[in-house]
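Have a look at final-v3.csv below; it lists CSV, C-alpha atoms.
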```csv
chain,number,residue,atom,x,y,z
A,1,ASP,CA,99.3,104.4,112.4
A,2,GLY,CA,102.1,106.8,113.2
A,3,GLY,CA,105.6,106.0,112.4
A,4,ILE,CA,108.6,106.3,110.2
A,5,THR,CA,109.1,104.2,107.1
A,6,GLN,CA,112.1,103.5,104.9
A,7,SER,CA,112.3,101.9,101.5
A,8,PRO,CA,113.5,99.7,100.2
A,9,LYS,CA,114.6,97.2,102.8
A,10,TYR,CA,117.4,95.8,100.7
A,11,LEU,CA,119.1,97.6,97.8
A,12,PHE,CA,121.8,96.4,95.4
A,13,ARG,CA,123.7,98.7,93.2
A,14,LYS,CA,126.7,98.6,90.9
A,15,GLU,CA,129.8,100.7,91.8
A,16,GLY,CA,129.6,104.1,90.2
A,17,GLN,CA,125.9,104.5,90.4
A,18,ASN,CA,124.1,107.0,92.6
A,19,VAL,CA,121.2,105.6,94.7
A,20,THR,CA,118.5,107.3,96.8
A,21,LEU,CA,117.1,105.9,100.0
A,22,SER,CA,113.7,107.0,101.0
A,23,CYS,CA,112.6,108.1,104.5
A,24,GLU,CA,109.1,109.3,105.4
A,25,GLN,CA,107.5,110.1,108.8
A,26,ASN,CA,104.0,111.0,109.8
A,27,LEU,CA,104.9,111.9,113.4
A,28,ASN,CA,104.9,115.6,112.7
A,29,HIS,CA,108.5,115.8,113.9
A,30,ASP,CA,110.6,118.8,112.9
A,31,ALA,CA,113.9,117.0,113.0
A,32,MET,CA,115.1,114.1,110.9
A,33,TYR,CA,118.4,112.2,110.8
A,34,TRP,CA,120.3,109.7,108.7
A,35,TYR,CA,122.7,107.3,110.4
A,36,ARG,CA,125.0,104.6,109.1
A,37,GLN,CA,125.8,101.4,110.9
A,38,ASP,CA,128.9,99.3,110.3
A,39,PRO,CA,129.8,96.1,112.2
A,40,GLY,CA,131.3,96.7,115.6
A,41,GLN,CA,130.6,100.5,115.4
A,42,GLY,CA,128.0,102.7,116.9
A,43,LEU,CA,125.5,104.6,114.7
A,44,ARG,CA,127.3,107.4,112.9
A,45,LEU,CA,125.4,110.5,111.8
A,46,ILE,CA,125.5,111.3,108.1
A,47,TYR,CA,123.2,114.3,107.8
A,48,TYR,CA,120.4,115.9,109.9
A,49,SER,CA,117.7,118.4,109.4
A,50,GLN,CA,115.9,120.4,112.1
A,51,ILE,CA,113.5,122.2,109.8
A,52,VAL,CA,112.2,122.1,106.3
A,53,ASN,CA,114.6,123.4,103.6
A,54,ASP,CA,117.6,123.3,106.0
A,55,PHE,CA,120.1,120.5,106.8
A,56,GLN,CA,123.5,120.1,108.3
A,57,LYS,CA,126.4,117.7,107.8
A,58,GLY,CA,127.0,115.0,110.4
A,59,ASP,CA,130.2,113.3,111.1
A,60,ILE,CA,130.5,111.3,107.9
A,61,ALA,CA,128.7,113.4,105.2
A,62,GLU,CA,131.3,113.0,102.4
A,63,GLY,CA,129.8,111.2,99.4
A,64,TYR,CA,126.2,111.7,100.6
A,65,SER,CA,123.6,114.3,99.8
A,66,VAL,CA,120.1,115.0,101.2
A,67,SER,CA,117.1,117.3,100.7
A,68,ARG,CA,114.3,118.4,103.0
A,69,GLU,CA,111.6,119.8,100.8
A,70,LYS,CA,108.7,118.5,102.9
A,71,LYS,CA,108.5,118.0,106.7
A,72,GLU,CA,107.5,114.4,106.2
A,73,SER,CA,110.4,113.4,103.8
A,74,PHE,CA,114.2,113.3,104.1
A,75,PRO,CA,115.7,111.2,101.2
A,76,LEU,CA,119.4,110.3,101.3
A,77,THR,CA,121.4,110.0,98.1
A,78,VAL,CA,124.5,107.8,98.2
A,79,THR,CA,126.7,109.1,95.4
A,80,SER,CA,129.5,107.4,93.5
A,81,ALA,CA,131.9,109.6,95.6
A,82,GLN,CA,131.2,107.6,98.7
A,83,LYS,CA,134.2,105.2,99.0
A,84,ASN,CA,132.5,102.5,101.2
A,85,PRO,CA,128.8,102.7,100.6
A,86,THR,CA,127.9,99.1,101.6
A,87,ALA,CA,126.3,99.5,105.0
A,88,PHE,CA,123.0,99.5,106.9
A,89,TYR,CA,121.3,102.9,106.8
A,90,LEU,CA,118.8,104.1,109.5
A,91,CYS,CA,116.6,107.1,109.3
A,92,ALA,CA,115.2,108.7,112.5
A,93,SER,CA,113.0,111.6,113.5
A,94,GLY,CA,112.5,113.5,116.7
A,95,ARG,CA,111.3,116.8,118.2
A,96,GLY,CA,114.7,118.3,117.7
A,97,SER,CA,115.6,118.6,121.4
A,98,PHE,CA,117.8,116.0,122.9
A,99,GLY,CA,115.7,115.8,126.0
A,100,TYR,CA,113.3,113.7,123.8
A,101,GLU,CA,113.9,110.3,122.2
A,102,GLN,CA,114.4,109.7,118.5
A,103,TYR,CA,112.2,107.4,116.5
A,104,PHE,CA,113.8,105.1,114.1
A,105,GLY,CA,112.8,103.5,110.8
A,106,PRO,CA,113.4,99.8,109.9
A,107,GLY,CA,116.5,100.6,107.9
A,108,THR,CA,117.8,99.9,104.4
A,109,ARG,CA,120.7,97.5,103.8
A,110,LEU,CA,122.6,98.8,100.8
A,111,THR,CA,125.1,96.5,99.0
A,112,VAL,CA,127.3,98.0,96.3
A,113,THR,CA,129.4,95.6,94.2
B,1,ILE,CA,135.2,114.3,119.0
B,2,LEU,CA,132.9,113.1,121.9
B,3,ASN,CA,133.6,109.5,122.8
B,4,VAL,CA,130.8,107.2,124.2
B,5,GLU,CA,131.9,103.8,125.4
B,6,GLN,CA,129.8,100.8,126.3
B,7,SER,CA,130.9,97.7,128.1
B,8,PRO,CA,130.8,94.8,127.8
B,9,GLN,CA,130.7,94.5,124.0
B,10,SER,CA,128.6,91.3,124.4
B,11,LEU,CA,127.0,89.3,127.2
B,12,HIS,CA,125.5,85.8,127.3
B,13,VAL,CA,123.3,85.0,130.3
B,14,GLN,CA,120.8,82.3,131.4
B,15,GLU,CA,117.1,83.0,131.6
B,16,GLY,CA,116.4,84.3,135.1
B,17,ASP,CA,119.8,85.9,135.6
B,18,SER,CA,120.0,89.6,136.4
B,19,THR,CA,122.5,91.6,134.4
B,20,ASN,CA,123.9,95.1,134.0
B,21,PHE,CA,126.0,97.0,131.6
B,22,THR,CA,127.7,100.4,131.4
B,23,CYS,CA,127.7,103.5,129.3
B,24,SER,CA,130.6,106.0,129.8
B,25,PHE,CA,130.6,109.5,128.4
B,26,PRO,CA,132.4,112.8,129.0
B,27,SER,CA,131.0,114.5,132.1
B,28,SER,CA,131.5,118.0,130.9
B,29,ASN,CA,128.7,119.9,129.2
B,30,PHE,CA,126.2,117.1,129.9
B,31,TYR,CA,122.7,117.5,128.5
B,32,ALA,CA,121.0,114.1,128.3
B,33,LEU,CA,121.7,110.4,128.1
B,34,HIS,CA,119.6,108.1,125.9
B,35,TRP,CA,119.2,104.3,126.1
B,36,TYR,CA,117.8,102.4,123.1
B,37,ARG,CA,117.0,98.7,122.6
B,38,TRP,CA,117.6,97.3,119.2
B,39,GLU,CA,116.1,93.8,118.5
B,40,THR,CA,117.1,91.8,115.5
B,41,ALA,CA,115.1,92.8,112.4
B,42,LYS,CA,113.4,95.6,114.2
B,43,SER,CA,114.0,99.4,114.6
B,44,PRO,CA,115.9,100.7,117.7
B,45,LYS,CA,113.3,101.8,120.3
B,46,ALA,CA,113.9,104.3,123.1
B,47,LEU,CA,114.0,102.9,126.6
B,48,PHE,CA,114.9,106.0,128.6
B,49,VAL,CA,116.0,109.6,128.2
B,50,MET,CA,117.7,110.8,131.4
B,51,THR,CA,118.8,114.3,132.2
B,52,LEU,CA,119.3,114.7,135.9
B,53,ASN,CA,122.3,113.5,138.0
B,54,GLY,CA,121.2,110.7,140.2
B,55,ASP,CA,118.2,110.0,138.1
B,56,GLU,CA,116.8,106.5,138.1
B,57,LYS,CA,114.2,105.3,135.6
B,58,LYS,CA,112.4,102.0,135.4
B,59,LYS,CA,110.3,100.2,132.8
B,60,GLY,CA,109.2,96.8,133.9
B,61,ARG,CA,112.3,94.7,134.7
B,62,ILE,CA,114.6,97.2,133.1
B,63,SER,CA,116.0,100.2,135.0
B,64,ALA,CA,118.8,102.7,134.5
B,65,THR,CA,120.8,105.0,136.7
B,66,LEU,CA,122.7,108.2,135.8
B,67,ASN,CA,125.8,109.8,137.2
B,68,THR,CA,126.6,112.9,135.3
B,69,LYS,CA,129.5,114.0,137.6
B,70,GLU,CA,131.6,110.9,136.8
B,71,GLY,CA,130.1,110.3,133.4
B,72,TYR,CA,128.4,106.9,133.5
B,73,SER,CA,125.0,105.3,133.3
B,74,TYR,CA,124.1,101.7,134.2
B,75,LEU,CA,121.4,99.7,132.6
B,76,TYR,CA,120.0,96.8,134.8
B,77,ILE,CA,117.8,93.9,133.7
B,78,LYS,CA,116.3,91.9,136.5
B,79,GLY,CA,115.4,88.2,135.7
B,80,SER,CA,116.5,88.2,132.1
B,81,GLN,CA,114.1,86.6,129.6
B,82,PRO,CA,114.9,85.4,126.0
B,83,GLU,CA,112.8,88.4,124.7
B,84,ASP,CA,115.4,90.7,126.3
B,85,SER,CA,117.9,89.6,123.8
B,86,ALA,CA,118.9,92.7,121.8
B,87,THR,CA,121.6,95.2,121.3
B,88,TYR,CA,121.4,98.0,123.9
B,89,LEU,CA,122.7,101.4,122.7
B,90,CYS,CA,123.4,104.5,124.7
B,91,ALA,CA,123.8,108.0,123.2
B,92,THR,CA,124.5,111.5,124.4
B,93,PRO,CA,124.4,114.8,122.5
B,94,GLY,CA,127.7,116.0,121.2
B,95,ASN,CA,128.7,119.3,119.6
B,96,GLY,CA,126.5,120.7,116.9
B,97,ASN,CA,123.2,119.4,118.1
B,98,LYS,CA,123.6,115.7,117.3
B,99,LEU,CA,123.5,112.5,119.2
B,100,VAL,CA,126.7,110.4,119.6
B,101,PHE,CA,126.1,106.7,120.0
B,102,GLY,CA,128.2,104.0,121.7
B,103,ALA,CA,128.9,100.8,119.8
B,104,GLY,CA,126.3,98.9,121.9
B,105,THR,CA,126.2,95.9,124.2
B,106,ILE,CA,124.8,92.7,122.6
B,107,LEU,CA,122.8,90.7,125.1
B,108,ARG,CA,121.8,87.1,124.5
B,109,VAL,CA,119.6,85.3,127.0
B,110,LYS,CA,119.5,81.5,126.8
B,111,SER,CA,116.4,79.7,127.9
```
Using the file provided, produce a representation of the structure as structure tokens.
Amino acid sequence: DGGITQSPKYLFRKEGQNVTLSCEQNLNHDAMYWYRQDPGQGLRLIYYSQIVNDFQKGDIAEGYSVSREKKESFPLTVTSAQKNPTAFYLCASGRGSFGYEQYFGPGTRLTVT
Amino acid sequence: ILNVEQSPQSLHVQEGDSTNFTCSFPSSNFYALHWYRWETAKSPKALFVMTLNGDEKKKGRISATLNTKEGYSYLYIKGSQPEDSATYLCATPGNGNKLVFGAGTILRVKS
């Protein structure tokens, strides 16, 4: 079954702790993306990677870090420097050209108290 | 920063009604326009990716049109059904090789 998976579905953390969200895809896509969704707003891009061992900041990268050591995996770390980390996080993958659609995972809801 | 706007913000219709909503985007440097459907508790799924001015795409009861010169796309749903209830997102590439999403139109279809 081809697809993109994220884990966990729900995550709770105390303020000041770093937390890593998992994203894995078996679609053989070169490009992977992390988005954040807040109520009443569109999806905002945090980081993206178009190829293994390379990634770029999106519009709201501050307080986040990523790695892309394998084509299949693109984990996102929410650091204690992120001022408002509570949000819904979506991972996506695609062929890297915007003439093609992106495929999304089920998302992780992170709550930091 | 590229601005993608969707209207209306939300829409409530009766089963069987036809409906449409709008996505507006800057017409300069157009490359592609994406439509996604996001049902509650599921992942967003692509409906259409459109690239040509005047393009019209159809999938069952859902169709979309594209006007790149004036910077808008319409999404139409004919004979809405409760299973069409979802948030509909549009997106277009911005600077730096990334998609910029609108805030979405929430559609609720009452049976």
Within 12 Å of chain B, which residues of chain A are there when counting only C-alpha atoms? Please give them as a PDB file with C-alpha atoms, in the frame of the given file.
```pdb
ATOM      1  CA  GLY A   3     105.600 106.000 112.400  1.00  0.00           C
ATOM      2  CA  ILE A   4     108.600 106.300 110.200  1.00  0.00           C
ATOM      3  CA  THR A   5     109.100 104.200 107.100  1.00  0.00           C
ATOM      4  CA  GLN A   6     112.100 103.500 104.900  1.00  0.00           C
ATOM      5  CA  LYS A   9     114.600  97.200 102.800  1.00  0.00           C
ATOM      6  CA  ALA A  31     113.900 117.000 113.000  1.00  0.00           C
ATOM      7  CA  MET A  32     115.100 114.100 110.900  1.00  0.00           C
ATOM      8  CA  TYR A  33     118.400 112.200 110.800  1.00  0.00           C
ATOM      9  CA  TRP A  34     120.300 109.700 108.700  1.00  0.00           C
ATOM     10  CA  TYR A  35     122.700 107.300 110.400  1.00  0.00           C
ATOM     11  CA  ARG A  36     125.000 104.600 109.100  1.00  0.00           C
ATOM     12  CA  GLN A  37     125.800 101.400 110.900  1.00  0.00           C
ATOM     13  CA  ASP A  38     128.900  99.300 110.300  1.00  0.00           C
ATOM     14  CA  PRO A  39     129.800  96.100 112.200  1.00  0.00           C
ATOM     15  CA  GLY A  40     131.300  96.700 115.600  1.00  0.00           C
ATOM     16  CA  GLN A  41     130.600 100.500 115.400  1.00  0.00           C
ATOM     17  CA  GLY A  42     128.000 102.700 116.900  1.00  0.00           C
ATOM     18  CA  LEU A  43     125.500 104.600 114.700  1.00  0.00           C
ATOM     19  CA  ARG A  44     127.300 107.400 112.900  1.00  0.00           C
ATOM     20  CA  LEU A  45     125.400 110.500 111.800  1.00  0.00           C
ATOM     21  CA  ILE A  46     125.500 111.300 108.100  1.00  0.00           C
ATOM     22  CA  TYR A  47     123.200 114.300 107.800  1.00  0.00           C
ATOM     23  CA  TYR A  48     120.400 115.900 109.900  1.00  0.00           C
ATOM     24  CA  SER A  49     117.700 118.400 109.400  1.00  0.00           C
ATOM     25  CA  GLN A  50     115.900 120.400 112.100  1.00  0.00           C
ATOM     26  CA  PHE A  55     120.100 120.500 106.800  1.00  0.00           C
ATOM     27  CA  GLN A  56     123.500 120.100 108.300  1.00  0.00           C
ATOM     28  CA  LYS A  57     126.400 117.700 107.800  1.00  0.00           C
ATOM     29  CA  GLY A  58     127.000 115.000 110.400  1.00  0.00           C
ATOM     30  CA  ASP A  59     130.200 113.300 111.100  1.00  0.00           C
ATOM     31  CA  PHE A  88     123.000  99.500 106.900  1.00  0.00           C
ATOM     32  CA  TYR A  89     121.300 102.900 106.800  1.00  0.00           C
ATOM     33  CA  LEU A  90     118.800 104.100 109.500  1.00  0.00           C
ATOM     34  CA  CYS A  91     116.600 107.100 109.300  1.00  0.00           C
ATOM     35  CA  ALA A  92     115.200 108.700 112.500  1.00  0.00           C
ATOM     36  CA  SER A  93     113.000 111.600 113.500  1.00  0.00           C
ATOM     37  CA  GLY A  94     112.500 113.500 116.700  1.00  0.00           C
ATOM     38  CA  GLY A  96     114.700 118.300 117.700  1.00  0.00           C
ATOM     39  CA  SER A  97     115.600 118.600 121.400  1.00  0.00           C
ATOM     40  CA  PHE A  98     117.800 116.000 122.900  1.00  0.00           C
ATOM     41  CA  GLY A  99     115.700 115.800 126.000  1.00  0.00           C
ATOM     42  CA  TYR A 100     113.300 113.700 123.800  1.00  0.00           C
ATOM     43  CA  GLU A 101     113.900 110.300 122.200  1.00  0.00           C
ATOM     44  CA  GLN A 102     114.400 109.700 118.500  1.00  0.00           C
ATOM     45  CA  TYR A 103     112.200 107.400 116.500  1.00  0.00           C
ATOM     46  CA  PHE A 104     113.800 105.100 114.100  1.00  0.00           C
ATOM     47  CA  GLY A 105     112.800 103.500 110.800  1.00  0.00           C
ATOM     48  CA  PRO A 106     113.400  99.800 109.900  1.00  0.00           C
ATOM     49  CA  GLY A 107     116.500 100.600 107.900  1.00  0.00           C
ATOM     50  CA  THR A 108     117.800  99.900 104.400  1.00  0.00           C
ATOM     51  CA  ARG A 109     120.700  97.500 103.800  1.00  0.00           C
TER      52      ARG A 109
END
```
For range 58-64 of chain B, I'd like the enclosing box, axis-aligned and padded by 8 Å on every side, reported as JSON with centre and edge lengths in Å to one decimal.
```
{"center_x": 114.0, "center_y": 98.7, "center_z": 134.1, "size_x": 25.6, "size_y": 24.0, "size_z": 18.6}
```
Point-to-point distance from CA of Lys78 in chain B to CA of Ser7 in chain B, Å rounded to tenths: 17.8 Å
Residues within 6 Å of range 16-28 of chain A, all atoms listed in the file, excluding chain neighbours under 6 positions, as a count of residues only: 15
Selection: 7 Å around Leu110 in chain A, only C-alpha atoms, excl. self and same-chain fewer than 3 positions, as number ranges by chain: A: 10-12, 86-88
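Residue neighbourhood of Ala81 in chain A, excluding near-sequence residues (fewer than 2 positions): Glu62, Gly63, Tyr64, Thr79 and Lys83 of chain A, at 8 Å, using all atoms listed in the file.
Interatomic distance, CA of Ser111 in chain B against CA of Pro82 in chain B: 6.2 Å.
You will find CA of Val112 in chain A at 27.4 Å from CA of Ala86 in chain B.
Closest approach to Ile51 in chain A among A:Arg95, A:Asn84, A:Ser65, A:Glu15 is made by A:Arg95 (distances from all atoms listed in the file).
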Residue contacts of range 66-70 of chain B (10 Å, all atoms listed in the file) excluding same-chain residues fewer than 4 positions away, as a PyMOL selection string: chain B and resi 23-33+50-57+74-75
